[in-house]
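Notes to accompany the following structure.
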Amino acid sequence: MAKQYYYFVTGLSNIGFDDTKQALTPRAFFEEAALKLNDSDMKLLKLLYLPQDLDNLLRILFHKDQDLLSGSMISAEDWQALIDFIKPNPDNEQRLKPPIYKQIPAFIVEHCTEFLALEAEQVYLDWETRFLKSFYEYTGSHANRFIREWFMFNRDIKNILSALNGREFDYPFAEYLLGEGEWIEKLAKSQASDFGLGKQYPLFESVYRIYDQYGIVDRERNYDALRWRWIDNQNFFQYFNIDRILGYFCKLCIIDRWMNLELENGKEIFFDTLDKLENSFSFPEEFDLKQKVKQ
């Protein structure tokens with residue numbers, strides 16, 4: 001039976017999607033949780049950071065260190081230690097494995113090894129897709145319900161947006177879709193306006209409605225509202241267990257994202273958000289998002 005965290009959960013502040021003040025930052029919450037959760041549940045909480053950690057790993061591999069995201073769980077130094085260990089070096093055969101080696105999923109080491117063995121120049125988007133595909137396969141078979149379904153939900157949103165953007169900007173997006181199955185096939189091949197999904201796939205309808213009715217900033221806000229409602233629905237009957245805590249942390253991350261946009265450096269963060277959107281889907285140069293916003 002899953003451990004119940006009665007005192008920890010009841011002590012958490014109530015938070016809402018439209019909050020204008022932060023009850024707790026994600027980092028402060030993580031530090032507090034480290035004192036209350038057992039080791040196995042802390043690993044689940046750390047896993048929620050992994051997509052951002054992988055983002056930083058890719059930036060390091062592609063020598064974009066100046067663009068590293070702050071607030072990650074795995075430091076740039078730890079990633080560099082892993083890279084130095086994996087990198088072929090005949091003079092260093094007796095190197096010790098860095099601690100991070102045993103703390104991360106095996107697919108990360110495998111992909112790093114493949115990347116570092118190649119001499120030709122590599123394409124960022126291709127490797128981002130490769131890492132993400134393995135990540136979603138890893139979380140898709142995870143024993144924890146929330147982890148498994150939360151990342152599947154976010155993967156599906158990402159796929160739908162890739163298809164919608166790809167069709168709008170006439171970009172060959174199919175090779176960058178993540179996962180497999182009938183609905184992925186429809187996204188990749190269907191010529192229908194709704195990709196043949198329609199009301200049979202409610203998430204598509206929800207995402208498409210947002211995509212079709214709002215500007216880019218409001219779209220992002222509404223996608224996060226969609227995520228917030230998903231957490232509420234998934235955890236409706238989860239009261240004091242780790243799933244409730246994982247959901248609360250995801251909500252804190254959503255609030256933190258939008259609170260940062262309202263700070264003095266909000267414009268800079270906003271355009272960083274656009275960079276991430278463009279990195280997750282390569283637009284032709286004439287469709288530069290930031291140029292359109294600035295105009």
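Scheme for the structure tokens: letters A, B, ... for chains in order shown; per-chain residue numbers from 1; ligand numbers from 1 in order shown.
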
* **Contacts of Phe131 (chain A) at 9 Å (only C-alpha atoms; same-chain gap of 2+ positions) as a PyMOL selection string** => chain A and resi 54+58+107-108+111+126-129+133-136

Using N, CA and C atoms, can you write the selected residues to a file as a JSON list (two decimals), in the first residue's frame?
```json
[["chain", "number", "residue", "atom", "x", "y", "z"],
["A", 54, "LEU", "N", 16.96, 17.19, -19.28],
["A", 54, "LEU", "CA", 17.36, 16.70, -20.60],
["A", 54, "LEU", "C", 17.56, 17.86, -21.57],
["A", 58, "LEU", "N", 21.05, 18.51, -23.66],
["A", 58, "LEU", "CA", 21.15, 18.74, -25.10],
["A", 58, "LEU", "C", 21.90, 20.04, -25.40],
["A", 107, "PHE", "N", 18.67, 5.05, -20.89],
["A", 107, "PHE", "CA", 18.60, 5.57, -22.25],
["A", 107, "PHE", "C", 19.42, 6.85, -22.41],
["A", 108, "ILE", "N", 19.61, 7.60, -21.32],
["A", 108, "ILE", "CA", 20.39, 8.84, -21.41],
["A", 108, "ILE", "C", 21.85, 8.53, -21.70],
["A", 111, "HIS", "N", 22.15, 7.25, -25.38],
["A", 111, "HIS", "CA", 22.09, 8.30, -26.40],
["A", 111, "HIS", "C", 23.32, 9.21, -26.36],
["A", 126, "ASP", "N", 16.68, 16.66, -34.32],
["A", 126, "ASP", "CA", 16.69, 15.21, -34.45],
["A", 126, "ASP", "C", 17.03, 14.54, -33.11],
["A", 127, "TRP", "N", 18.02, 15.09, -32.42],
["A", 127, "TRP", "CA", 18.42, 14.51, -31.15],
["A", 127, "TRP", "C", 17.43, 14.81, -30.04],
["A", 128, "GLU", "N", 16.83, 15.98, -30.09],
["A", 128, "GLU", "CA", 15.78, 16.28, -29.12],
["A", 128, "GLU", "C", 14.65, 15.27, -29.25],
["A", 129, "THR", "N", 14.27, 14.98, -30.48],
["A", 129, "THR", "CA", 13.20, 14.00, -30.72],
["A", 129, "THR", "C", 13.61, 12.62, -30.23],
["A", 133, "LYS", "N", 11.55, 10.70, -27.36],
["A", 133, "LYS", "CA", 10.90, 9.42, -27.64],
["A", 133, "LYS", "C", 11.28, 8.39, -26.57],
["A", 134, "SER", "N", 12.55, 8.33, -26.24],
["A", 134, "SER", "CA", 13.00, 7.38, -25.22],
["A", 134, "SER", "C", 12.46, 7.76, -23.85],
["A", 135, "PHE", "N", 12.40, 9.06, -23.58],
["A", 135, "PHE", "CA", 11.87, 9.50, -22.29],
["A", 135, "PHE", "C", 10.41, 9.10, -22.13],
["A", 136, "TYR", "N", 9.60, 9.30, -23.16],
["A", 136, "TYR", "CA", 8.18, 8.96, -23.07],
["A", 136, "TYR", "C", 7.96, 7.45, -23.05]]
```

* **DSSP-assigned alpha helix (DSSP H) members of region 94-253 of chain A, reported as a VMD selection string** => chain A and resid 106 to 117 124 to 140 145 to 168 182 to 189 202 to 213 216 to 234 242 to 253

* **For region 114-119 of chain A: contacts at 8 Å, only C-alpha atoms, fewer than 4 positions along chain excluded, given as a ChimeraX atom specification** => /A:86-88,110

* Structure fact -> Between A:Ile104, A:Leu50, A:Ala23, A:Leu164, smallest distance to Ala192 (chain A) by only C-alpha atoms belongs to A:Leu164

* Identify, on the basis of only C-alpha atoms, every residue whose closest approach to Gly11 (chain A) does not exceed 12 Å; exclude the query and any residue fewer than 2 positions from it along the same chain; express the result as a PyMOL selection string. => chain A and resi 5-9+13-14+23+29+32-33+36+240+245

* **Residue nearest Phe153 (chain A) - candidates A:Lys186, A:Ala106, A:Tyr176, A:Pro202, atoms counted: only C-alpha atoms** =>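 Checking each of A:Lys186, A:Ala106, A:Tyr176, A:Pro202 against Phe153 (chain A), counting only C-alpha atoms, the winner is A:Pro202.
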